[in-house]
>>> print(open('entry11.cif').read())   # mmCIF, C-alpha atoms
data_structure
loop_
_atom_site.label_atom_id
_atom_site.label_comp_id
_atom_site.auth_asym_id
_atom_site.auth_seq_id
_atom_site.Cartn_x
_atom_site.Cartn_y
_atom_site.Cartn_z
CA MET A 47 -46.78 -23.67 -11.70
CA SER A 48 -44.09 -25.28 -9.60
CA THR A 49 -40.91 -26.76 -11.00
CA SER A 50 -41.99 -30.28 -10.12
CA THR A 51 -45.27 -30.04 -12.03
CA LYS A 52 -43.93 -28.36 -15.13
CA ARG A 53 -43.92 -30.42 -18.29
CA CYS A 54 -40.66 -31.07 -20.08
CA TYR A 55 -40.03 -28.27 -22.57
CA TYR A 56 -39.22 -30.77 -25.30
CA GLU A 57 -42.51 -32.57 -24.68
CA THR A 58 -44.34 -29.25 -24.71
CA LEU A 59 -42.97 -28.46 -28.17
CA GLU A 60 -43.42 -32.08 -29.28
CA VAL A 61 -39.79 -32.48 -30.40
CA GLU A 62 -36.88 -34.77 -29.58
CA ARG A 63 -34.03 -33.58 -27.37
CA ASP A 64 -31.62 -33.47 -30.32
CA ALA A 65 -33.95 -31.32 -32.48
CA ASP A 66 -32.15 -28.54 -34.33
CA ASP A 67 -33.22 -24.89 -34.49
CA SER A 68 -35.30 -25.30 -37.66
CA VAL A 69 -37.29 -28.18 -36.17
CA LEU A 70 -37.87 -26.22 -32.96
CA LYS A 71 -39.08 -23.18 -34.84
CA SER A 72 -41.34 -25.17 -37.14
CA SER A 73 -42.99 -27.01 -34.26
CA PHE A 74 -43.37 -23.79 -32.26
CA ARG A 75 -45.13 -22.03 -35.15
CA LYS A 76 -47.51 -24.93 -35.69
CA LEU A 77 -48.46 -25.23 -32.03
CA ALA A 78 -48.66 -21.48 -31.42
CA MET A 79 -51.05 -21.06 -34.32
CA LYS A 80 -53.13 -24.00 -33.10
CA PHE A 81 -53.50 -22.79 -29.49
CA HIS A 82 -53.50 -19.02 -30.00
CA PRO A 83 -56.25 -17.47 -27.80
CA ASP A 84 -57.67 -15.44 -30.67
CA ARG A 85 -58.29 -18.67 -32.53
CA ASN A 86 -59.80 -20.30 -29.45
CA PRO A 87 -61.98 -17.59 -27.80
CA GLY A 88 -63.19 -18.50 -24.35
CA ASP A 89 -61.00 -21.59 -24.12
CA ASP A 90 -58.89 -21.20 -20.97
CA THR A 91 -57.03 -24.45 -21.68
CA SER A 92 -55.76 -23.13 -25.02
CA GLU A 93 -54.52 -19.93 -23.37
CA VAL A 94 -52.57 -21.89 -20.77
CA LYS A 95 -51.20 -24.20 -23.44
CA PHE A 96 -50.15 -21.20 -25.52
CA LYS A 97 -48.21 -19.73 -22.60
CA GLU A 98 -46.45 -23.05 -21.98
CA ILE A 99 -45.46 -23.31 -25.65
CA ASN A 100 -44.02 -19.81 -25.66
CA GLU A 101 -42.12 -20.40 -22.40
CA ALA A 102 -40.59 -23.60 -23.75
CA TYR A 103 -39.55 -22.04 -27.03
CA GLU A 104 -38.11 -18.96 -25.31
CA VAL A 105 -35.69 -21.24 -23.45
CA LEU A 106 -34.85 -23.80 -26.12
CA LYS A 107 -34.25 -21.32 -28.94
CA ASP A 108 -31.45 -19.71 -26.87
CA LYS A 109 -28.21 -21.68 -27.02
CA ASP A 110 -27.08 -20.87 -23.46
CA LYS A 111 -30.51 -21.31 -21.88
CA ARG A 112 -30.97 -24.63 -23.64
CA ALA A 113 -27.61 -25.89 -22.37
CA ALA A 114 -28.56 -24.90 -18.82
CA TYR A 115 -31.96 -26.57 -19.16
CA ASP A 116 -30.45 -29.78 -20.53
CA ARG A 117 -28.16 -29.94 -17.47
CA TYR A 118 -30.36 -28.73 -14.61
CA GLY A 119 -33.88 -28.87 -15.97
CA HIS A 120 -36.43 -26.30 -14.78
CA ALA A 121 -34.33 -25.62 -11.70
CA ALA A 122 -31.91 -23.67 -13.88
CA PHE A 123 -34.43 -20.83 -14.05
CA GLU A 124 -35.55 -20.66 -10.47
CA GLN A 125 -34.40 -17.90 -8.11
CA GLY A 126 -34.13 -15.31 -10.89
CA GLY A 127 -31.92 -17.46 -13.03
CA GLY A 128 -33.09 -16.04 -16.34
CA GLY A 129 -36.72 -17.03 -16.23
CA ALA A 130 -38.75 -17.73 -19.29
CA GLY A 131 -42.45 -17.00 -19.73
CA PHE A 132 -43.92 -13.65 -20.74
CA GLY A 133 -40.82 -11.55 -20.16
CA ALA A 134 -38.82 -9.31 -22.43
CA GLY A 135 -38.23 -12.18 -24.83
CA PHE A 136 -41.90 -12.79 -25.50
CA ALA A 137 -42.13 -10.22 -28.30
CA SER A 138 -39.20 -11.79 -30.14
CA SER A 139 -40.76 -15.25 -29.83
CA PHE A 140 -44.13 -14.04 -31.02
CA SER A 141 -42.54 -12.20 -33.95
CA ASP A 142 -41.56 -15.63 -35.31
CA ILE A 143 -45.22 -16.41 -35.93
CA PHE A 144 -46.52 -12.86 -36.43
CA GLU A 145 -46.47 -13.16 -40.20
CA ASP A 146 -48.10 -16.60 -40.17
CA LEU A 147 -50.92 -15.56 -37.85
CA PHE A 148 -51.87 -12.20 -39.30
CA GLY A 149 -50.06 -11.82 -42.63
CA MET A 150 -48.63 -8.46 -41.59
CA ALA A 151 -44.93 -8.94 -42.32
CA GLY A 152 -43.15 -5.71 -43.03
CA GLN A 153 -46.08 -3.58 -41.77
CA ARG A 154 -44.46 -2.62 -38.53
CA GLY A 155 -42.61 0.56 -39.23
CA GLY A 156 -42.49 4.26 -38.80
CA ARG A 157 -44.35 6.97 -40.48
CA GLY A 158 -44.31 6.99 -44.27
CA GLY A 159 -45.42 10.55 -44.99
CA ARG A 160 -43.43 11.06 -48.19
CA GLU A 161 -43.75 8.16 -50.57
CA ARG A 162 -41.03 7.31 -53.06
CA GLY A 163 -42.03 7.60 -56.69
CA ALA A 164 -42.54 4.51 -58.83
CA ASP A 165 -39.82 3.07 -61.02
CA LEU A 166 -40.45 3.28 -64.76
CA ARG A 167 -39.56 0.92 -67.61
CA TYR A 168 -38.76 1.98 -71.16
CA ASN A 169 -38.23 -0.57 -73.94
CA MET A 170 -35.74 0.44 -76.64
CA GLU A 171 -34.82 -1.47 -79.79
CA ILE A 172 -31.39 -0.87 -81.30
CA THR A 173 -29.55 -2.30 -84.30
CA LEU A 174 -26.61 -4.67 -84.10
CA GLU A 175 -24.39 -1.91 -85.51
CA GLU A 176 -25.50 0.41 -82.71
CA ALA A 177 -24.74 -2.29 -80.16
CA PHE A 178 -21.29 -2.65 -81.76
CA GLY A 179 -20.32 1.01 -81.65
CA GLY A 180 -22.52 2.30 -78.83
CA LYS A 181 -24.61 5.43 -79.11
CA THR A 182 -26.22 8.28 -77.26
CA ALA A 183 -29.98 8.15 -77.73
CA GLN A 184 -32.60 10.78 -77.01
CA ILE A 185 -35.89 9.46 -75.65
CA GLU A 186 -39.14 11.16 -74.74
CA ILE A 187 -41.21 9.67 -71.95
CA PRO A 188 -44.28 10.83 -70.01
CA VAL A 189 -43.32 10.98 -66.34
CA SER A 190 -44.73 12.38 -63.14
CA VAL A 191 -42.73 15.38 -61.93
CA THR A 192 -43.00 17.53 -58.82
CA CYS A 193 -45.84 20.02 -59.07
CA GLU A 194 -44.38 23.51 -59.30
CA ALA A 195 -47.54 25.22 -58.05
CA CYS A 196 -47.38 23.58 -54.61
CA SER A 197 -43.71 22.51 -54.55
CA GLY A 198 -44.83 18.92 -54.19
CA ILE A 199 -46.72 19.17 -50.88
CA GLY A 200 -50.14 18.78 -52.51
CA ALA A 201 -51.77 21.70 -50.68
CA LYS A 202 -53.10 24.84 -52.33
CA ALA A 203 -50.75 27.83 -52.32
CA GLY A 204 -50.96 29.64 -48.99
CA THR A 205 -52.10 26.54 -47.09
CA LYS A 206 -50.31 23.62 -45.47
CA PRO A 207 -51.18 19.98 -44.77
CA LYS A 208 -52.56 19.34 -41.29
CA THR A 209 -51.69 16.58 -38.88
CA CYS A 210 -53.97 13.58 -39.30
CA SER A 211 -56.50 13.48 -36.47
CA THR A 212 -56.88 9.71 -36.68
CA CYS A 213 -53.26 8.76 -35.99
CA GLY A 214 -51.91 12.04 -34.58
CA GLY A 215 -49.34 12.26 -37.35
CA ALA A 216 -47.82 8.83 -36.68
CA GLY A 217 -49.11 7.33 -39.91
CA ARG A 218 -50.13 4.17 -38.05
CA VAL A 219 -52.90 3.15 -35.67
CA ARG A 220 -52.99 0.43 -33.05
CA GLN A 221 -55.70 -2.12 -32.47
CA SER A 222 -56.00 -4.61 -29.61
CA GLN A 223 -56.61 -8.28 -30.40
CA GLY A 224 -56.82 -10.47 -27.33
CA PHE A 225 -53.84 -9.55 -25.18
CA PHE A 226 -51.83 -8.35 -28.19
CA THR A 227 -51.70 -4.92 -29.78
CA LEU A 228 -51.47 -4.85 -33.57
CA GLU A 229 -50.30 -1.89 -35.58
CA ARG A 230 -51.45 -1.05 -39.11
CA THR A 231 -51.35 1.77 -41.63
CA CYS A 232 -53.67 4.64 -40.77
CA PRO A 233 -56.80 4.44 -42.98
CA GLY A 234 -57.36 8.19 -42.73
CA CYS A 235 -54.08 9.41 -44.22
CA GLN A 236 -52.80 6.14 -45.79
CA GLY A 237 -49.70 6.29 -43.63
CA ARG A 238 -48.65 9.84 -44.55
CA GLY A 239 -49.41 11.34 -41.15
CA GLN A 240 -50.93 14.41 -42.77
CA MET A 241 -54.25 15.42 -44.30
CA ILE A 242 -54.82 18.00 -47.02
CA GLU A 243 -58.02 19.96 -46.61
CA ASP A 244 -57.52 22.38 -49.53
CA ALA A 245 -55.87 20.48 -52.39
CA CYS A 246 -53.67 22.12 -54.99
CA PRO A 247 -55.79 22.60 -58.17
CA SER A 248 -52.82 21.86 -60.43
CA CYS A 249 -52.11 18.37 -59.11
CA SER A 250 -55.34 17.55 -57.22
CA GLY A 251 -53.37 17.11 -54.01
CA GLN A 252 -50.94 14.51 -55.37
CA GLY A 253 -47.94 16.84 -55.37
CA ARG A 254 -46.98 15.80 -58.91
CA VAL A 255 -48.13 16.24 -62.49
CA THR A 256 -47.44 14.41 -65.76
CA ARG A 257 -45.03 15.95 -68.24
CA GLU A 258 -43.17 14.85 -71.38
CA ARG A 259 -39.47 14.67 -70.64
CA THR A 260 -36.54 14.27 -73.02
CA LEU A 261 -33.65 12.24 -71.65
CA SER A 262 -30.25 11.35 -73.01
CA VAL A 263 -29.32 7.66 -72.71
CA ASN A 264 -25.72 6.51 -73.13
CA ILE A 265 -25.55 3.01 -74.64
CA PRO A 266 -22.03 1.54 -74.26
CA PRO A 267 -20.45 -0.68 -76.98
CA GLY A 268 -21.05 -4.39 -76.55
CA VAL A 269 -24.52 -4.34 -74.97
CA GLU A 270 -26.51 -7.52 -75.46
CA ASP A 271 -30.16 -8.26 -75.94
CA GLY A 272 -31.94 -7.77 -72.60
CA THR A 273 -29.33 -5.39 -71.15
CA ARG A 274 -30.84 -3.08 -68.50
CA ILE A 275 -29.64 0.50 -68.04
CA ARG A 276 -30.64 2.32 -64.83
CA LEU A 277 -31.11 6.07 -64.70
CA ALA A 278 -31.27 6.93 -61.01
CA GLY A 279 -33.88 9.49 -60.01
CA GLU A 280 -35.45 9.69 -63.49
CA GLY A 281 -38.61 7.76 -62.61
CA GLU A 282 -41.85 9.18 -61.27
CA ALA A 283 -41.70 11.97 -58.73
CA GLY A 284 -42.49 10.99 -55.15
CA VAL A 285 -45.87 11.70 -53.60
CA ARG A 286 -45.96 15.01 -51.72
CA GLY A 287 -42.26 15.71 -51.88
CA GLY A 288 -41.03 12.14 -51.62
CA PRO A 289 -37.88 11.02 -53.50
CA PRO A 290 -38.24 10.09 -57.19
CA GLY A 291 -38.06 6.55 -58.51
CA ASP A 292 -35.64 5.25 -61.13
CA LEU A 293 -35.96 4.74 -64.87
CA TYR A 294 -34.89 1.41 -66.34
CA ILE A 295 -34.07 1.15 -70.05
CA PHE A 296 -34.44 -2.40 -71.40
CA LEU A 297 -32.59 -2.96 -74.67
CA SER A 298 -33.55 -5.38 -77.41
CA LEU A 299 -31.56 -6.01 -80.60
CA ALA A 300 -33.28 -5.96 -83.97
CA GLN A 301 -32.75 -8.93 -86.26
CA HIS A 302 -29.82 -8.43 -88.65
CA GLN A 303 -29.93 -9.33 -92.34
CA PHE A 304 -26.52 -11.09 -92.28
CA PHE A 305 -25.36 -11.82 -88.77
CA GLN A 306 -26.56 -13.92 -85.85
CA ARG A 307 -25.02 -13.07 -82.49
CA ASP A 308 -23.76 -15.54 -79.90
CA GLY A 309 -22.28 -13.58 -77.01
CA ALA A 310 -19.40 -11.61 -78.49
CA ASP A 311 -19.18 -13.81 -81.61
CA LEU A 312 -20.98 -13.27 -84.89
CA HIS A 313 -22.09 -15.97 -87.31
CA CYS A 314 -22.82 -15.65 -91.00
CA ARG A 315 -23.99 -18.24 -93.58
CA VAL A 316 -22.74 -17.83 -97.13
CA PRO A 317 -23.94 -19.97 -100.09
CA ILE A 318 -21.20 -20.98 -102.56
CA SER A 319 -21.38 -22.83 -105.87
CA MET A 320 -20.52 -26.47 -106.29
CA VAL A 321 -17.66 -25.47 -108.59
CA THR A 322 -16.16 -23.08 -106.01
CA ALA A 323 -16.40 -25.75 -103.34
CA ALA A 324 -14.72 -28.30 -105.62
CA LEU A 325 -12.02 -26.14 -107.21
CA GLY A 326 -11.53 -23.56 -104.45
CA GLY A 327 -11.86 -19.80 -104.64
CA GLU A 328 -12.60 -16.78 -102.53
CA PHE A 329 -15.37 -14.34 -101.78
CA GLU A 330 -15.94 -11.16 -99.76
CA VAL A 331 -18.28 -10.78 -96.82
CA PRO A 332 -19.30 -7.61 -94.92
CA THR A 333 -18.11 -7.02 -91.37
CA ILE A 334 -20.07 -5.43 -88.53
CA GLU A 335 -17.88 -2.30 -88.51
CA LYS A 336 -19.12 -1.57 -92.07
CA GLY A 337 -16.02 -2.98 -93.74
CA LYS A 338 -15.43 -6.19 -95.64
CA THR A 339 -13.06 -9.13 -95.54
CA LYS A 340 -12.02 -11.95 -97.90
CA VAL A 341 -12.62 -15.61 -97.19
CA LYS A 342 -10.47 -18.14 -99.04
CA VAL A 343 -12.12 -21.45 -99.84
CA PRO A 344 -9.73 -24.37 -100.34
CA ALA A 345 -10.45 -26.99 -103.00
CA GLY A 346 -12.70 -29.80 -101.85
CA THR A 347 -14.53 -27.72 -99.22
CA GLN A 348 -17.60 -29.51 -97.85
CA SER A 349 -20.92 -27.89 -97.05
CA SER A 350 -21.31 -26.43 -93.51
CA ARG A 351 -17.57 -25.86 -93.05
CA ARG A 352 -16.84 -22.84 -90.85
CA PHE A 353 -14.09 -20.27 -91.29
CA ARG A 354 -13.01 -18.16 -88.31
CA ILE A 355 -12.08 -14.51 -88.76
CA ALA A 356 -10.41 -13.35 -85.56
CA SER A 357 -11.47 -10.15 -83.77
CA LYS A 358 -14.21 -9.31 -86.27
CA GLY A 359 -17.05 -9.94 -83.86
CA MET A 360 -18.65 -7.77 -81.15
CA PRO A 361 -16.81 -5.92 -78.39
CA VAL A 362 -17.08 -7.38 -74.90
CA LEU A 363 -19.00 -4.95 -72.68
CA ARG A 364 -16.66 -2.72 -70.67
CA SER A 365 -13.61 -4.53 -72.04
CA ARG A 366 -11.05 -4.18 -74.80
CA GLN A 367 -11.64 -7.75 -75.94
CA MET A 368 -13.32 -8.52 -79.24
CA GLY A 369 -15.27 -11.56 -80.33
CA ASP A 370 -14.71 -13.46 -83.57
CA MET A 371 -16.67 -13.78 -86.76
CA TYR A 372 -17.54 -17.22 -88.12
CA VAL A 373 -18.47 -17.74 -91.75
CA GLN A 374 -20.25 -20.99 -92.55
CA VAL A 375 -20.34 -21.98 -96.23
CA VAL A 376 -23.29 -23.88 -97.66
CA VAL A 377 -22.71 -25.61 -101.01
CA GLU A 378 -25.64 -24.82 -103.28
CA THR A 379 -26.94 -27.54 -105.59
CA PRO A 380 -27.38 -26.26 -109.18
CA GLN A 381 -30.98 -25.76 -110.32
CA ASN A 382 -32.75 -25.06 -113.64
CA LEU A 383 -29.91 -26.59 -115.69
CA THR A 384 -29.71 -26.23 -119.47
CA LYS A 385 -29.37 -29.33 -121.63
CA LYS A 386 -25.68 -28.62 -122.14
CA GLN A 387 -25.11 -28.28 -118.39
CA GLN A 388 -26.93 -31.54 -117.75
CA GLU A 389 -24.76 -33.32 -120.34
CA LEU A 390 -21.59 -31.94 -118.77
CA LEU A 391 -22.63 -33.05 -115.31
CA ALA A 392 -23.58 -36.49 -116.59
CA GLU A 393 -20.16 -36.77 -118.23
CA PHE A 394 -18.53 -35.66 -114.97
CA GLU A 395 -20.46 -38.33 -113.09
CA LYS A 396 -19.14 -41.02 -115.46
CA LEU A 397 -15.59 -39.86 -114.83
CA SER A 398 -16.05 -39.71 -111.03
CA SER A 399 -14.60 -42.32 -108.72
CA GLY A 400 -14.00 -43.01 -105.07
CA ASN A 401 -11.15 -40.51 -105.15
CA THR A 402 -13.37 -37.62 -106.22
CA GLN A 403 -16.21 -38.51 -103.85
CA PRO A 404 -14.63 -40.48 -100.98
CA GLU A 405 -17.38 -39.86 -98.43
CA SER A 406 -20.15 -41.01 -100.76
CA GLU A 407 -18.10 -43.98 -101.92
CA GLY A 408 -17.39 -45.04 -98.35
CA PHE A 409 -21.01 -44.78 -97.31
CA PHE A 410 -22.42 -46.90 -100.12
CA THR A 411 -19.69 -49.48 -99.64
CA LYS A 412 -20.86 -49.86 -96.04
CA VAL A 413 -24.47 -50.12 -97.22
CA LYS A 414 -23.54 -52.89 -99.67
CA ASP A 415 -21.72 -54.80 -96.94
CA PHE A 416 -24.65 -54.35 -94.58
CA PHE A 417 -27.18 -55.89 -96.99
CA GLY A 418 -24.71 -58.64 -97.88
CA ASN A 419 -24.25 -59.65 -94.26
CA ARG A 420 -27.96 -59.60 -93.60
CA ALA A 421 -28.67 -61.82 -96.62
CA SER A 422 -26.06 -64.36 -95.54
#
>>> encode(input="entry11.cif", output="structure tokens")
Amino acid sequence: MSTSTKRCYYETLEVERDADDSVLKSSFRKLAMKFHPDRNPGDDTSEVKFKEINEAYEVLKDKDKRAAYDRYGHAAFEQGGGGAGFGAGFASSFSDIFEDLFGMAGQRGGRGGRERGADLRYNMEITLEEAFGGKTAQIEIPVSVTCEACSGIGAKAGTKPKTCSTCGGAGRVRQSQGFFTLERTCPGCQGRGQMIEDACPSCSGQGRVTRERTLSVNIPPGVEDGTRIRLAGEGEAGVRGGPPGDLYIFLSLAQHQFFQRDGADLHCRVPISMVTAALGGEFEVPTIEKGKTKVKVPAGTQSSRRFRIASKGMPVLRSRQMGDMYVQVVVETPQNLTKKQQELLAEFEKLSSGNTQPESEGFFTKVKDFFGNRAS
């Protein structure tokens, strides 16, 4: 096709001249998928259109080529001036739509003879005290380990795996589709490149067997619920001598009878009597390090008031910092009163005033004013 009869590259890709890279790529993918020869068998027009689309994109996706094209047009690529079309750049252009057309992203690669073992997950529940001080735990897990009888190769003692006849040991086979060659995992050896004719009886050719293994897990102070600990190389053994996977320990914290955790801080609710709240007093509460501390309650303390006890919370993971402990008091209303207690409380109520119960007095004064204003 001569320079004079070539369509404008921007028109070919159906974009404006100021289109950015993302717009170019999106339009190219859509058009390439639409006119791909494999999707239009026997249609010569589609094949020509597909070549034009690729040629246009090969130029416009390159910053320097696009600048030259914008200035000189198609003449910029005549006389060996960096021509487009099905040259060395075609593979890179086509790779942009390879995944969209065939769904084979990530399948172009080398031989995968020795497969890495799978990662394992182990769920462990620990107490809040254990999270405070840290611990070393012993766990037993069933894992796949390298078969000792065949040293992990999967073949019976005295024999060896043979090169796969289907792929010649490459682990991949090629298949032509139209004028493209696609590569996929070898179905004969599943990408390993080798075949085992006489399998090891101990592992049935897998190169690994299941065993119970005891592992030591170090849990540092300050771990939180959901913390993940990775033990490298302690997962399943790889297939036929491949590297092992990893073991991940996921920690969960058991519910505590006194404390609720919020990051490095601890919270505790303590019920106190009406008399203690009114007259003041003190009480003792346990601390997470198995000690105890006193909390002084001033006279006139209201329900839900919080008292902060510094540095009596949880340690911050991998730090010398400590959280705080918060004690929230809840004033308990007396129940199951005797006749004498009822009489005393009734007498107290008669002697009460706005000074003894200012919040209640203020509220009902506002209520009285509210109804008065509404009536007027």
>>> atom_distance(input="entry11.cif", atom1="atom CA of Ser73 of chain A", atom2="atom CA of Asp110 of chain A")
20.2 Å
>>> resolve_selection(input="entry11.cif", expression="the PyMOL selection byres ((chain A and resi 246) around 12)", output="PyMOL selection string")
chain A and resi 193-207+242-245+247-255+286
>>> resolve_selection(input="entry11.cif", expression="the PyMOL selection byres ((chain A and resi 379) around 12)", output="list in words")
Pro317, Ile318, Ser319, Met320, Val321, Thr322, Ala323, Ser349, Val376, Val377, Glu378, Pro380, Gln381, Asn382, Leu383 and Leu391 of chain A
>>> atom_distance(input="entry11.cif", atom1="atom CA of Phe416 of chain A", atom2="atom CA of Thr402 of chain A")
23.3 Å
>>> atom_distance(input="entry11.cif", atom1="atom CA of Leu299 of chain A", atom2="atom CA of Asn169 of chain A")
10.9 Å
>>> resolve_selection(input="entry11.cif", expression="the PyMOL selection byres ((chain A and resi 300) around 10)", output="list in words")
Glu171, Ile172, Thr173, Leu174, Glu175, Asp271, Leu297, Ser298, Leu299, Gln301, His302 and Gln303 of chain A
>>> closest_residue(input="entry11.cif", among="A:Ile99, A:Glu282, A:Val341, A:Phe178", to="Pro361 of chain A", atoms="all atoms listed in the file")
A:Phe178
>>> residues_around(input="entry11.cif", residues="Ser92 of chain A", least_positions_apart="2", cutoff="8 Å", atoms="all atoms listed in the file", output="PyMOL selection string")
chain A and resi 81-83+86+89-90+94-96
>>> closest_atom_pairs(input="entry11.cif", of="segment 259-328 of chain A", to="segment 365-369 of chain A", cutoff="12 Å", atoms="all atoms listed in the file", output="JSON lines")
{"residue": "A:Pro266", "atom": "CA", "partner": "A:Ser365", "partner_atom": "CA", "distance": 10.6}
{"residue": "A:Pro267", "atom": "CA", "partner": "A:Ser365", "partner_atom": "CA", "distance": 9.3}
{"residue": "A:Gly268", "atom": "CA", "partner": "A:Ser365", "partner_atom": "CA", "distance": 8.7}
{"residue": "A:Val269", "atom": "CA", "partner": "A:Ser365", "partner_atom": "CA", "distance": 11.3}
{"residue": "A:Arg307", "atom": "CA", "partner": "A:Gly369", "partner_atom": "CA", "distance": 10.1}
{"residue": "A:Asp308", "atom": "CA", "partner": "A:Gly369", "partner_atom": "CA", "distance": 9.4}
{"residue": "A:Gly309", "atom": "CA", "partner": "A:Gly369", "partner_atom": "CA", "distance": 8.0}
{"residue": "A:Ala310", "atom": "CA", "partner": "A:Gly369", "partner_atom": "CA", "distance": 4.5}
{"residue": "A:Asp311", "atom": "CA", "partner": "A:Gly369", "partner_atom": "CA", "distance": 4.7}
{"residue": "A:Leu312", "atom": "CA", "partner": "A:Gly369", "partner_atom": "CA", "distance": 7.5}
{"residue": "A:His313", "atom": "CA", "partner": "A:Gly369", "partner_atom": "CA", "distance": 10.7}
>>> closest_residue(input="entry11.cif", among="A:Phe74, A:Arg63, A:Val375, A:Glu161", to="Ala113 of chain A", atoms="all atoms listed in the file")
A:Arg63
>>> closest_residue(input="entry11.cif", among="A:Ser190, A:Ser357, A:Ser68, A:Thr182", to="Thr333 of chain A", atoms="only C-alpha atoms")
A:Ser357
>>> closest_residue(input="entry11.cif", among="A:Pro344, A:Val285, A:Arg112, A:Gln306", to="Ala164 of chain A", atoms="only C-alpha atoms")
A:Val285
>>> closest_residue(input="entry11.cif", among="A:Asp66, A:Asp370, A:Glu393, A:Asp165", to="Ala356 of chain A", atoms="all atoms listed in the file")
A:Asp370
>>> closest_residue(input="entry11.cif", among="A:Val189, A:Val219, A:Ala324, A:Ile265", to="Gln403 of chain A", atoms="all atoms listed in the file")
A:Ala324
